[in-house]
Amino acid sequence: MQHPRPGRTHHQGGGARAAVSLTALLSLSLTGCGVAGLGDDGDEGGDARSAVDAAAVAGIDCADTGKVQGTGSSAQQNAMKYWIKHYQSACPGVRIAYNPIGSGAGGAQFLRGATTFGGSDSALKPDEVERSKDVCRGGRAIDLPMVGGPIAIGYDVPGVEDLTLDASTLARIFDRKITMWDDPEIRQLNPGADLPSMPVRPVHRSDDSGTTQNFQAYLAGAAPEAWTHQPAKAWQGTGGASASGSSGVASEVTSGVGAIGYFELSFARARQIKTVSVDTGAPAAVAPTPATASAGIAAAQVAGQGRDMKLKFRYDASTPGAYPIVQVTYEIVCDKGNQQGTLPALKSFLTYTASKVGQKDLSRLNYAPLPETVAGQVRDVVDTLS
(Lines give C-alpha, C1' and ligand atoms only; values in the text may rest on other atoms or scores of the structure.)
Protein backbone atom coordinates (compact mmCIF):
# COMPACT_ATOMS: atom_id res chain seq x y z
CA MET A 1 0.00 0.00 0.00
CA GLN A 2 1.42 3.40 -1.03
CA HIS A 3 1.21 6.19 1.59
CA PRO A 4 1.05 9.71 0.14
CA ARG A 5 3.61 12.23 1.28
CA PRO A 6 2.46 15.80 1.86
CA GLY A 7 2.77 18.05 -1.16
CA ARG A 8 3.14 15.28 -3.78
CA THR A 9 0.73 13.92 -6.36
CA HIS A 10 0.62 10.13 -6.06
CA HIS A 11 -0.67 7.15 -7.97
CA GLN A 12 -3.21 4.98 -6.17
CA GLY A 13 -4.40 2.96 -9.15
CA GLY A 14 -6.71 5.51 -10.83
CA GLY A 15 -4.40 7.78 -12.77
CA ALA A 16 -4.89 11.38 -13.81
CA ARG A 17 -7.93 12.20 -15.87
CA ALA A 18 -7.76 15.95 -16.38
CA ALA A 19 -5.82 17.50 -19.24
CA VAL A 20 -3.65 20.41 -18.19
CA SER A 21 -0.86 22.52 -19.64
CA LEU A 22 2.70 21.35 -20.24
CA THR A 23 3.98 24.91 -19.72
CA ALA A 24 6.37 24.02 -16.90
CA LEU A 25 7.86 21.15 -18.90
CA LEU A 26 8.23 22.52 -22.41
CA SER A 27 11.73 23.85 -21.70
CA LEU A 28 13.02 20.31 -21.27
CA SER A 29 14.81 18.85 -24.29
CA LEU A 30 15.00 15.28 -25.51
CA THR A 31 18.37 13.65 -24.92
CA GLY A 32 20.12 10.33 -25.28
CA CYS A 33 19.94 7.45 -27.72
CA GLY A 34 19.65 3.69 -27.44
CA VAL A 35 18.04 2.87 -24.11
CA ALA A 36 15.68 5.67 -23.16
CA GLY A 37 15.59 6.62 -19.51
CA LEU A 38 17.40 8.41 -16.74
CA GLY A 39 19.62 5.92 -14.97
CA ASP A 40 21.31 8.33 -12.52
CA ASP A 41 19.54 8.26 -9.19
CA GLY A 42 21.12 11.56 -8.10
CA ASP A 43 20.07 13.52 -5.04
CA GLU A 44 16.52 14.81 -4.92
CA GLY A 45 17.27 17.31 -2.12
CA GLY A 46 17.47 20.62 -4.00
CA ASP A 47 15.07 19.50 -6.73
CA ALA A 48 12.26 18.16 -4.56
CA ARG A 49 10.13 21.29 -4.74
CA SER A 50 10.57 21.72 -8.50
CA ALA A 51 9.60 18.06 -9.01
CA VAL A 52 6.45 18.62 -6.94
CA ASP A 53 5.55 21.65 -9.03
CA ALA A 54 6.26 19.81 -12.29
CA ALA A 55 4.02 16.91 -11.29
CA ALA A 56 1.21 19.26 -10.31
CA VAL A 57 1.42 21.33 -13.50
CA ALA A 58 1.67 18.27 -15.76
CA GLY A 59 -1.18 16.51 -14.00
CA ILE A 60 0.92 13.38 -13.51
CA ASP A 61 -0.24 11.04 -10.76
CA CYS A 62 3.18 9.87 -9.54
CA ALA A 63 4.03 6.59 -7.91
CA ASP A 64 6.41 6.85 -4.92
CA THR A 65 9.05 4.49 -6.27
CA GLY A 66 9.58 1.78 -8.81
CA LYS A 67 11.74 0.65 -11.71
CA VAL A 68 9.92 -0.16 -14.96
CA GLN A 69 11.75 -1.83 -17.85
CA GLY A 70 10.30 -1.96 -21.36
CA THR A 71 11.69 -3.22 -24.66
CA GLY A 72 10.40 -3.48 -28.20
CA SER A 73 9.33 -1.37 -31.16
CA SER A 74 11.82 1.15 -32.48
CA ALA A 75 8.95 3.06 -34.12
CA GLN A 76 8.00 4.54 -30.74
CA GLN A 77 11.57 5.20 -29.59
CA ASN A 78 11.39 9.00 -29.82
CA ALA A 79 7.98 9.07 -28.15
CA MET A 80 9.36 6.99 -25.29
CA LYS A 81 12.33 9.33 -24.88
CA TYR A 82 9.93 12.25 -24.65
CA TRP A 83 7.57 10.53 -22.20
CA ILE A 84 10.35 9.22 -19.96
CA LYS A 85 12.12 12.58 -19.81
CA HIS A 86 8.98 14.44 -18.76
CA TYR A 87 7.64 11.74 -16.46
CA GLN A 88 10.88 11.32 -14.51
CA SER A 89 11.29 15.08 -14.18
CA ALA A 90 7.91 15.14 -12.44
CA CYS A 91 8.32 11.82 -10.59
CA PRO A 92 11.99 11.50 -9.55
CA GLY A 93 11.31 8.47 -7.35
CA VAL A 94 10.52 6.29 -10.38
CA ARG A 95 12.94 4.98 -12.99
CA ILE A 96 11.65 4.07 -16.46
CA ALA A 97 13.87 2.51 -19.17
CA TYR A 98 13.01 1.50 -22.72
CA ASN A 99 15.27 -0.41 -25.11
CA PRO A 100 14.11 -0.19 -28.78
CA ILE A 101 15.28 -3.64 -29.91
CA GLY A 102 12.36 -4.26 -32.28
CA SER A 103 8.81 -5.53 -31.94
CA GLY A 104 9.59 -9.23 -32.20
CA ALA A 105 12.42 -9.23 -29.68
CA GLY A 106 10.52 -6.96 -27.30
CA GLY A 107 7.49 -9.23 -27.32
CA ALA A 108 9.68 -12.27 -26.77
CA GLN A 109 11.38 -10.70 -23.74
CA PHE A 110 8.03 -9.78 -22.22
CA LEU A 111 6.70 -13.32 -22.73
CA ARG A 112 9.77 -14.64 -20.90
CA GLY A 113 8.97 -12.39 -17.96
CA ALA A 114 12.15 -10.35 -18.45
CA THR A 115 10.42 -6.95 -18.77
CA THR A 116 7.50 -5.04 -17.29
CA PHE A 117 6.01 -4.22 -20.69
CA GLY A 118 6.74 -4.77 -24.35
CA GLY A 119 6.25 -2.46 -27.33
CA SER A 120 4.96 -3.91 -30.59
CA ASP A 121 3.76 -2.52 -33.92
CA SER A 122 1.45 -5.50 -34.29
CA ALA A 123 -1.04 -7.00 -31.87
CA LEU A 124 -0.50 -10.27 -30.03
CA LYS A 125 -1.22 -13.51 -31.87
CA PRO A 126 -3.44 -16.17 -30.24
CA ASP A 127 -0.47 -18.43 -29.46
CA GLU A 128 1.35 -15.51 -27.82
CA VAL A 129 -1.70 -14.77 -25.66
CA GLU A 130 -1.72 -18.42 -24.56
CA ARG A 131 2.00 -18.33 -23.72
CA SER A 132 1.54 -15.13 -21.74
CA LYS A 133 -0.53 -16.95 -19.14
CA ASP A 134 2.69 -18.39 -17.74
CA VAL A 135 3.93 -14.85 -17.03
CA CYS A 136 0.61 -13.18 -16.21
CA ARG A 137 -0.44 -15.48 -13.37
CA GLY A 138 -4.24 -15.55 -13.24
CA GLY A 139 -4.51 -13.34 -16.32
CA ARG A 140 -3.16 -12.82 -19.84
CA ALA A 141 -1.25 -10.29 -21.91
CA ILE A 142 -3.24 -7.50 -23.55
CA ASP A 143 -2.53 -4.88 -26.22
CA LEU A 144 -2.82 -1.19 -25.33
CA PRO A 145 -2.53 1.18 -28.34
CA MET A 146 -0.35 4.08 -27.24
CA VAL A 147 1.14 5.96 -30.18
CA GLY A 148 0.24 6.13 -33.85
CA GLY A 149 1.77 7.46 -37.00
CA PRO A 150 1.51 7.58 -40.77
CA ILE A 151 3.57 5.29 -42.97
CA ALA A 152 4.72 7.70 -45.66
CA ILE A 153 5.42 6.68 -49.25
CA GLY A 154 8.52 8.59 -50.28
CA TYR A 155 9.67 8.98 -53.89
CA ASP A 156 12.39 10.52 -56.07
CA VAL A 157 11.10 11.40 -59.53
CA PRO A 158 12.76 14.39 -61.25
CA GLY A 159 10.35 17.21 -62.05
CA VAL A 160 7.44 15.73 -60.07
CA GLU A 161 6.79 17.72 -56.90
CA ASP A 162 3.27 16.43 -56.22
CA LEU A 163 2.28 12.82 -56.78
CA THR A 164 -1.02 11.09 -56.11
CA LEU A 165 -1.44 7.32 -56.11
CA ASP A 166 -4.22 5.01 -54.97
CA ALA A 167 -4.09 1.63 -53.26
CA SER A 168 -4.33 -0.38 -56.49
CA THR A 169 -1.55 1.58 -58.17
CA LEU A 170 0.68 1.32 -55.10
CA ALA A 171 0.08 -2.44 -54.97
CA ARG A 172 0.98 -2.85 -58.64
CA ILE A 173 4.09 -0.67 -58.25
CA PHE A 174 5.42 -2.58 -55.25
CA ASP A 175 4.56 -5.93 -56.86
CA ARG A 176 6.45 -4.95 -60.03
CA LYS A 177 3.33 -4.90 -62.24
CA ILE A 178 3.81 -1.20 -63.01
CA THR A 179 7.41 -0.59 -64.02
CA MET A 180 7.51 2.87 -65.65
CA TRP A 181 6.66 6.26 -64.15
CA ASP A 182 4.69 7.31 -67.25
CA ASP A 183 2.40 4.28 -66.98
CA PRO A 184 -1.21 5.12 -67.98
CA GLU A 185 -2.49 4.30 -64.46
CA ILE A 186 -0.14 6.84 -62.88
CA ARG A 187 -0.92 9.41 -65.60
CA GLN A 188 -4.64 9.07 -64.99
CA LEU A 189 -4.17 9.90 -61.30
CA ASN A 190 -1.87 12.84 -62.07
CA PRO A 191 -3.30 14.79 -65.04
CA GLY A 192 -0.97 17.54 -66.13
CA ALA A 193 2.08 16.12 -64.34
CA ASP A 194 5.27 15.83 -66.37
CA LEU A 195 5.89 12.15 -65.66
CA PRO A 196 9.17 10.93 -67.17
CA SER A 197 9.64 7.73 -69.13
CA MET A 198 11.79 6.30 -66.36
CA PRO A 199 11.85 2.90 -64.62
CA VAL A 200 10.11 2.66 -61.27
CA ARG A 201 12.47 1.37 -58.58
CA PRO A 202 10.44 0.15 -55.56
CA VAL A 203 12.34 -0.35 -52.30
CA HIS A 204 11.15 -2.50 -49.37
CA ARG A 205 12.52 -3.55 -45.99
CA SER A 206 14.93 -6.49 -46.01
CA ASP A 207 14.37 -7.16 -42.29
CA ASP A 208 11.19 -8.28 -40.55
CA SER A 209 9.28 -5.24 -39.36
CA GLY A 210 5.94 -4.05 -38.10
CA THR A 211 6.06 -1.21 -40.63
CA THR A 212 6.22 -3.76 -43.45
CA GLN A 213 3.34 -5.75 -41.96
CA ASN A 214 1.16 -2.66 -41.60
CA PHE A 215 1.94 -1.43 -45.12
CA GLN A 216 1.10 -4.82 -46.60
CA ALA A 217 -2.08 -4.97 -44.50
CA TYR A 218 -3.13 -1.69 -46.10
CA LEU A 219 -2.42 -2.98 -49.62
CA ALA A 220 -4.31 -6.23 -48.95
CA GLY A 221 -7.23 -4.45 -47.29
CA ALA A 222 -7.64 -1.57 -49.74
CA ALA A 223 -6.71 -3.34 -53.00
CA PRO A 224 -7.22 -7.10 -52.52
CA GLU A 225 -7.55 -7.68 -56.26
CA ALA A 226 -4.12 -6.14 -56.90
CA TRP A 227 -2.29 -7.32 -53.74
CA THR A 228 -2.92 -11.02 -53.18
CA HIS A 229 -0.11 -11.57 -50.68
CA GLN A 230 -0.73 -12.11 -46.98
CA PRO A 231 0.41 -9.34 -44.64
CA ALA A 232 3.51 -10.34 -42.70
CA LYS A 233 6.53 -8.76 -41.04
CA ALA A 234 8.62 -10.17 -43.91
CA TRP A 235 8.16 -8.65 -47.37
CA GLN A 236 5.83 -10.75 -49.56
CA GLY A 237 5.89 -8.83 -52.86
CA THR A 238 7.72 -9.64 -56.06
CA GLY A 239 11.18 -8.23 -56.73
CA GLY A 240 12.33 -4.71 -56.03
CA ALA A 241 15.32 -3.40 -54.12
CA SER A 242 15.64 -3.86 -50.35
CA ALA A 243 17.36 -2.23 -47.41
CA SER A 244 17.56 -2.79 -43.67
CA GLY A 245 15.44 -0.59 -41.46
CA SER A 246 13.41 2.49 -42.31
CA SER A 247 16.61 4.53 -42.42
CA GLY A 248 18.02 2.15 -45.03
CA VAL A 249 14.91 2.38 -47.21
CA ALA A 250 14.94 6.19 -46.94
CA SER A 251 18.61 6.24 -47.97
CA GLU A 252 17.85 4.06 -50.99
CA VAL A 253 15.05 6.38 -52.06
CA THR A 254 17.27 9.47 -51.87
CA SER A 255 20.15 7.81 -53.70
CA GLY A 256 18.20 6.19 -56.52
CA VAL A 257 16.44 8.31 -59.16
CA GLY A 258 13.03 6.82 -59.84
CA ALA A 259 12.90 5.13 -56.44
CA ILE A 260 9.86 4.78 -54.18
CA GLY A 261 9.71 3.29 -50.68
CA TYR A 262 7.81 3.28 -47.39
CA PHE A 263 8.90 4.46 -43.94
CA GLU A 264 7.70 6.46 -40.96
CA LEU A 265 6.95 10.12 -41.67
CA SER A 266 9.85 11.31 -39.51
CA PHE A 267 12.35 9.86 -42.00
CA ALA A 268 10.73 11.77 -44.86
CA ARG A 269 10.70 15.01 -42.87
CA ALA A 270 14.30 14.64 -41.69
CA ARG A 271 15.65 13.96 -45.19
CA GLN A 272 13.24 16.23 -47.08
CA ILE A 273 11.89 13.34 -49.15
CA LYS A 274 8.80 14.06 -51.25
CA THR A 275 5.78 11.98 -50.19
CA VAL A 276 2.79 10.54 -52.03
CA SER A 277 -0.76 11.76 -51.39
CA VAL A 278 -3.21 8.87 -51.36
CA ASP A 279 -6.44 8.86 -53.37
CA THR A 280 -8.90 7.09 -51.06
CA GLY A 281 -12.03 7.97 -53.03
CA ALA A 282 -12.61 11.06 -50.89
CA PRO A 283 -13.06 14.43 -52.65
CA ALA A 284 -9.34 15.21 -52.24
CA ALA A 285 -6.22 13.05 -52.01
CA VAL A 286 -4.76 12.87 -48.49
CA ALA A 287 -1.15 13.68 -47.60
CA PRO A 288 0.60 11.98 -44.64
CA THR A 289 0.61 14.24 -41.57
CA PRO A 290 0.14 13.59 -37.85
CA ALA A 291 -3.36 15.12 -38.07
CA THR A 292 -4.51 13.06 -41.07
CA ALA A 293 -3.08 9.90 -39.49
CA SER A 294 -4.99 10.59 -36.26
CA ALA A 295 -8.14 10.86 -38.36
CA GLY A 296 -7.30 7.50 -39.95
CA ILE A 297 -6.81 5.89 -36.55
CA ALA A 298 -10.12 7.34 -35.34
CA ALA A 299 -11.90 5.22 -37.94
CA ALA A 300 -10.51 2.01 -36.39
CA GLN A 301 -12.57 -0.25 -34.16
CA VAL A 302 -11.49 -2.09 -31.03
CA ALA A 303 -11.48 -5.76 -32.04
CA GLY A 304 -9.83 -7.31 -28.98
CA GLN A 305 -11.64 -9.42 -26.42
CA GLY A 306 -12.06 -8.47 -22.78
CA ARG A 307 -9.61 -5.72 -21.90
CA ASP A 308 -7.47 -6.28 -24.98
CA MET A 309 -7.54 -3.21 -27.25
CA LYS A 310 -6.31 -4.57 -30.56
CA LEU A 311 -7.49 -2.20 -33.30
CA LYS A 312 -9.03 -3.18 -36.62
CA PHE A 313 -8.54 -0.65 -39.40
CA ARG A 314 -10.87 0.14 -42.30
CA TYR A 315 -8.25 0.40 -45.02
CA ASP A 316 -10.85 0.88 -47.76
CA ALA A 317 -12.59 3.79 -46.03
CA SER A 318 -12.89 7.10 -47.91
CA THR A 319 -13.27 9.47 -44.96
CA PRO A 320 -12.26 13.00 -46.03
CA GLY A 321 -8.96 14.05 -44.49
CA ALA A 322 -8.14 10.58 -43.13
CA TYR A 323 -4.77 9.15 -44.21
CA PRO A 324 -5.24 5.37 -44.58
CA ILE A 325 -1.69 3.97 -44.26
CA VAL A 326 -1.17 4.08 -40.52
CA GLN A 327 0.34 1.98 -37.78
CA VAL A 328 -0.15 1.89 -34.04
CA THR A 329 2.39 0.77 -31.48
CA TYR A 330 0.92 -1.24 -28.62
CA GLU A 331 2.24 -1.55 -25.09
CA ILE A 332 1.91 -5.20 -24.07
CA VAL A 333 1.12 -5.71 -20.39
CA CYS A 334 -0.56 -8.27 -18.15
CA ASP A 335 -4.19 -7.56 -17.32
CA LYS A 336 -3.65 -9.53 -14.09
CA GLY A 337 -0.55 -10.97 -12.47
CA ASN A 338 1.74 -7.94 -12.79
CA GLN A 339 4.63 -7.74 -10.34
CA GLN A 340 3.35 -5.88 -7.30
CA GLY A 341 6.65 -4.05 -6.85
CA THR A 342 6.39 -2.40 -10.27
CA LEU A 343 2.60 -2.20 -10.73
CA PRO A 344 2.02 1.29 -9.21
CA ALA A 345 4.81 2.80 -11.32
CA LEU A 346 3.65 0.97 -14.46
CA LYS A 347 0.07 2.22 -14.04
CA SER A 348 1.23 5.73 -13.26
CA PHE A 349 3.50 5.90 -16.33
CA LEU A 350 0.98 4.41 -18.78
CA THR A 351 -1.80 6.63 -17.45
CA TYR A 352 0.44 9.61 -18.22
CA THR A 353 1.42 8.42 -21.73
CA ALA A 354 -2.26 7.90 -22.63
CA SER A 355 -3.36 11.21 -21.08
CA LYS A 356 -4.21 14.32 -23.06
CA VAL A 357 -1.00 15.85 -21.75
CA GLY A 358 1.10 12.84 -22.75
CA GLN A 359 -0.41 12.71 -26.25
CA LYS A 360 -0.61 16.46 -26.85
CA ASP A 361 2.81 17.20 -28.32
CA LEU A 362 3.48 13.93 -30.16
CA SER A 363 2.71 15.59 -33.48
CA ARG A 364 5.85 17.70 -33.01
CA LEU A 365 7.77 14.42 -33.16
CA ASN A 366 5.85 13.38 -36.33
CA TYR A 367 3.63 10.93 -34.46
CA ALA A 368 -0.16 10.86 -34.56
CA PRO A 369 -1.77 11.44 -31.15
CA LEU A 370 -4.43 8.89 -30.29
CA PRO A 371 -8.00 10.09 -30.76
CA GLU A 372 -9.44 10.84 -27.31
CA THR A 373 -12.09 8.16 -27.86
CA VAL A 374 -9.30 5.57 -27.98
CA ALA A 375 -6.98 7.16 -25.39
CA GLY A 376 -9.83 7.38 -22.87
CA GLN A 377 -10.49 3.65 -23.19
CA VAL A 378 -6.78 2.94 -22.75
CA ARG A 379 -6.72 4.92 -19.50
CA ASP A 380 -9.78 3.05 -18.26
CA VAL A 381 -8.07 -0.31 -18.91
CA VAL A 382 -4.80 0.82 -17.27
CA ASP A 383 -6.83 1.71 -14.18
CA THR A 384 -7.92 -1.96 -13.88
CA LEU A 385 -4.46 -3.56 -14.17
CA SER A 386 -3.64 -5.74 -11.18
# chains A, B, ... in the order shown; residues from 1 in each chain; ligands from 1
call {"tool": "residues_around", "arguments": {"residues": "region 193-207 of chain A", "least_positions_apart": "5", "cutoff": "6 Å", "atoms": "only C-alpha atoms", "output": "list in words"}}
result
Phe174, Thr179, Met180, Trp181, Asp182, Gly240, Ala241, Ser242, Ala243, Ser244, Gly258, Ala259, Ile260 and Gly261 of chain A
call {"tool": "atom_distance", "arguments": {"atom1": "CA of Glu264 (chain A)", "atom2": "CA of Leu219 (chain A)"}}
result
16.3 Å
call {"tool": "closest_residue", "arguments": {"among": "A:Thr353, A:Thr71, A:Ser103, A:Gln109", "to": "Asp208 (chain A)", "atoms": "only C-alpha atoms"}}
result
A:Ser103
call {"tool": "closest_residue", "arguments": {"among": "A:Gly138, A:Pro191, A:Gly118, A:Gly245", "to": "Gly70 (chain A)", "atoms": "only C-alpha atoms"}}
result
A:Gly118
call {"tool": "select_by_dssp", "arguments": {"residues": "region 50-201 of chain A", "states": "strand (DSSP E or B)", "output": "JSON, numbers by chain"}}
result
{"A": [62, 66, 67, 68, 69, 70, 71, 72, 94, 95, 96, 97, 98, 99, 117, 118, 119, 120, 141, 142, 143, 144, 145, 146, 147, 148, 149, 150, 151, 152, 153, 154, 155, 164, 165, 166, 180, 199, 201]}
call {"tool": "write_last_selection", "arguments": {"atoms": "N, CA and C atoms", "output": "short mmCIF file (atom, residue, chain, number, x, y, z; two decimals), in the first residue's frame"}}
result
data_model
loop_
_atom_site.label_atom_id
_atom_site.label_comp_id
_atom_site.auth_asym_id
_atom_site.auth_seq_id
_atom_site.Cartn_x
_atom_site.Cartn_y
_atom_site.Cartn_z
N CYS A 62 1.92 10.58 -9.73
CA CYS A 62 3.18 9.87 -9.54
C CYS A 62 3.05 8.68 -8.59
N GLY A 66 9.77 2.87 -7.88
CA GLY A 66 9.58 1.78 -8.81
C GLY A 66 10.53 1.87 -9.99
N LYS A 67 10.90 0.72 -10.52
CA LYS A 67 11.74 0.65 -11.71
C LYS A 67 10.99 -0.17 -12.76
N VAL A 68 10.71 0.45 -13.89
CA VAL A 68 9.92 -0.16 -14.96
C VAL A 68 10.80 -0.32 -16.19
N GLN A 69 10.92 -1.54 -16.68
CA GLN A 69 11.75 -1.83 -17.85
C GLN A 69 10.86 -2.25 -19.01
N GLY A 70 11.01 -1.58 -20.15
CA GLY A 70 10.30 -1.96 -21.36
C GLY A 70 11.27 -2.17 -22.50
N THR A 71 10.90 -3.02 -23.45
CA THR A 71 11.69 -3.22 -24.66
C THR A 71 10.73 -3.40 -25.82
N GLY A 72 11.24 -3.19 -27.05
CA GLY A 72 10.40 -3.48 -28.20
C GLY A 72 10.54 -2.51 -29.35
N VAL A 94 10.74 7.42 -9.47
CA VAL A 94 10.52 6.29 -10.38
C VAL A 94 11.57 6.30 -11.48
N ARG A 95 12.01 5.12 -11.88
CA ARG A 95 12.94 4.98 -12.99
C ARG A 95 12.28 4.15 -14.09
N ILE A 96 12.21 4.75 -15.29
CA ILE A 96 11.65 4.07 -16.46
C ILE A 96 12.77 3.90 -17.48
N ALA A 97 12.89 2.73 -18.10
CA ALA A 97 13.87 2.51 -19.17
C ALA A 97 13.19 1.79 -20.31
N TYR A 98 13.57 2.15 -21.54
CA TYR A 98 13.01 1.50 -22.72
C TYR A 98 14.12 1.24 -23.73
N ASN A 99 14.25 -0.01 -24.15
CA ASN A 99 15.27 -0.41 -25.11
C ASN A 99 14.60 -0.77 -26.44
N PHE A 117 6.91 -4.36 -19.55
CA PHE A 117 6.01 -4.22 -20.69
C PHE A 117 6.81 -4.35 -21.98
N GLY A 118 6.11 -4.68 -23.04
CA GLY A 118 6.74 -4.77 -24.35
C GLY A 118 6.08 -3.80 -25.30
N GLY A 119 6.81 -3.33 -26.30
CA GLY A 119 6.25 -2.46 -27.33
C GLY A 119 6.23 -3.18 -28.66
N SER A 120 5.08 -3.17 -29.34
CA SER A 120 4.96 -3.91 -30.59
C SER A 120 4.10 -3.15 -31.59
N ALA A 141 -1.78 -11.52 -21.34
CA ALA A 141 -1.25 -10.29 -21.91
C ALA A 141 -2.31 -9.61 -22.76
N ILE A 142 -2.31 -8.28 -22.74
CA ILE A 142 -3.24 -7.50 -23.55
C ILE A 142 -2.48 -6.42 -24.31
N ASP A 143 -3.10 -5.93 -25.39
CA ASP A 143 -2.53 -4.88 -26.22
C ASP A 143 -3.16 -3.54 -25.86
N LEU A 144 -2.34 -2.54 -25.60
CA LEU A 144 -2.82 -1.19 -25.33
C LEU A 144 -2.26 -0.24 -26.39
N PRO A 145 -3.05 0.23 -27.36
CA PRO A 145 -2.53 1.18 -28.34
C PRO A 145 -2.07 2.45 -27.63
N MET A 146 -0.89 2.94 -27.99
CA MET A 146 -0.35 4.08 -27.24
C MET A 146 0.13 5.23 -28.14
N VAL A 147 0.66 4.90 -29.30
CA VAL A 147 1.14 5.96 -30.18
C VAL A 147 0.94 5.52 -31.63
N GLY A 148 0.48 6.45 -32.45
CA GLY A 148 0.24 6.13 -33.85
C GLY A 148 1.10 6.98 -34.76
N GLY A 149 1.02 6.67 -36.03
CA GLY A 149 1.77 7.46 -37.00
C GLY A 149 1.48 7.03 -38.41
N PRO A 150 1.69 7.94 -39.36
CA PRO A 150 1.51 7.58 -40.77
C PRO A 150 2.73 6.86 -41.32
N ILE A 151 2.50 5.89 -42.18
CA ILE A 151 3.57 5.29 -42.97
C ILE A 151 3.59 6.07 -44.29
N ALA A 152 4.63 6.86 -44.47
CA ALA A 152 4.72 7.70 -45.66
C ALA A 152 5.29 6.89 -46.82
N ILE A 153 4.85 7.24 -48.03
CA ILE A 153 5.42 6.68 -49.25
C ILE A 153 6.28 7.76 -49.88
N GLY A 154 7.60 7.60 -49.77
CA GLY A 154 8.52 8.59 -50.28
C GLY A 154 8.98 8.23 -51.69
N TYR A 155 9.27 9.25 -52.50
CA TYR A 155 9.67 8.98 -53.89
C TYR A 155 10.70 10.00 -54.37
N THR A 164 0.12 11.78 -56.72
CA THR A 164 -1.02 11.09 -56.11
C THR A 164 -1.10 9.67 -56.64
N LEU A 165 -1.25 8.72 -55.74
CA LEU A 165 -1.44 7.32 -56.11
C LEU A 165 -2.57 6.75 -55.27
N ASP A 166 -3.21 5.69 -55.77
CA ASP A 166 -4.22 5.01 -54.97
C ASP A 166 -3.72 3.63 -54.57
N MET A 180 7.07 1.59 -65.11
CA MET A 180 7.51 2.87 -65.65
C MET A 180 6.68 4.00 -65.04
N PRO A 199 12.24 4.10 -65.38
CA PRO A 199 11.85 2.90 -64.62
C PRO A 199 11.50 3.23 -63.16
N ARG A 201 11.57 2.19 -59.39
CA ARG A 201 12.47 1.37 -58.58
C ARG A 201 11.90 1.26 -57.16
#
call {"tool": "residues_around", "arguments": {"residues": "Ser348 (chain A)", "least_positions_apart": "2", "cutoff": "7 Å", "atoms": "only C-alpha atoms", "output": "ChimeraX atom specification"}}
result
/A:11,15,61-63,344-346,350-352
call {"tool": "write_last_selection", "arguments": {"atoms": "N, CA and C atoms", "output": "PDB file, in the first residue's frame"}}
result
ATOM      1  N   HIS A  11       0.157   8.118  -7.272  1.00  0.00           N
ATOM      2  CA  HIS A  11      -0.671   7.145  -7.970  1.00  0.00           C
ATOM      3  C   HIS A  11      -1.237   6.141  -6.972  1.00  0.00           C
ATOM      4  N   GLY A  15      -5.048   7.045 -11.701  1.00  0.00           N
ATOM      5  CA  GLY A  15      -4.400   7.785 -12.771  1.00  0.00           C
ATOM      6  C   GLY A  15      -5.091   9.104 -13.020  1.00  0.00           C
ATOM      7  N   ASP A  61       0.056  11.694 -12.033  1.00  0.00           N
ATOM      8  CA  ASP A  61      -0.240  11.041 -10.764  1.00  0.00           C
ATOM      9  C   ASP A  61       0.919  10.106 -10.452  1.00  0.00           C
ATOM     10  N   CYS A  62       1.921  10.585  -9.730  1.00  0.00           N
ATOM     11  CA  CYS A  62       3.181   9.869  -9.541  1.00  0.00           C
ATOM     12  C   CYS A  62       3.046   8.678  -8.591  1.00  0.00           C
ATOM     13  N   ALA A  63       3.785   7.640  -8.889  1.00  0.00           N
ATOM     14  CA  ALA A  63       4.033   6.588  -7.906  1.00  0.00           C
ATOM     15  C   ALA A  63       5.199   7.050  -7.033  1.00  0.00           C
ATOM     16  N   PRO A 344       2.405  -0.118  -9.345  1.00  0.00           N
ATOM     17  CA  PRO A 344       2.017   1.289  -9.211  1.00  0.00           C
ATOM     18  C   PRO A 344       2.745   2.201 -10.195  1.00  0.00           C
ATOM     19  N   ALA A 345       4.052   1.972 -10.390  1.00  0.00           N
ATOM     20  CA  ALA A 345       4.814   2.800 -11.320  1.00  0.00           C
ATOM     21  C   ALA A 345       4.375   2.551 -12.758  1.00  0.00           C
ATOM     22  N   LEU A 346       4.104   1.299 -13.111  1.00  0.00           N
ATOM     23  CA  LEU A 346       3.649   0.970 -14.461  1.00  0.00           C
ATOM     24  C   LEU A 346       2.325   1.668 -14.766  1.00  0.00           C
ATOM     25  N   LEU A 350       1.859   4.632 -17.638  1.00  0.00           N
ATOM     26  CA  LEU A 350       0.977   4.409 -18.785  1.00  0.00           C
ATOM     27  C   LEU A 350      -0.240   5.323 -18.750  1.00  0.00           C
ATOM     28  N   THR A 351      -0.707   5.665 -17.550  1.00  0.00           N
ATOM     29  CA  THR A 351      -1.800   6.631 -17.454  1.00  0.00           C
ATOM     30  C   THR A 351      -1.349   7.982 -18.004  1.00  0.00           C
ATOM     31  N   TYR A 352      -0.105   8.354 -17.691  1.00  0.00           N
ATOM     32  CA  TYR A 352       0.440   9.608 -18.224  1.00  0.00           C
ATOM     33  C   TYR A 352       0.598   9.546 -19.742  1.00  0.00           C
TER      34      TYR A 352
END
call {"tool": "closest_residue", "arguments": {"among": "A:Gly93, A:Gly159, A:Gly102, A:Pro290", "to": "Val257 (chain A)", "atoms": "only C-alpha atoms"}}
result
A:Gly159
call {"tool": "closest_residue", "arguments": {"among": "A:Asp64, A:Glu252, A:Asp134, A:Glu372", "to": "Gly337 (chain A)", "atoms": "only C-alpha atoms"}}
result
A:Asp134
call {"tool": "residues_around", "arguments": {"residues": "Ala223 (chain A)", "least_positions_apart": "3", "cutoff": "10 Å", "atoms": "only C-alpha atoms", "output": "PyMOL selection string"}}
result
chain A and resi 166-172+217-220+226-228+315-316
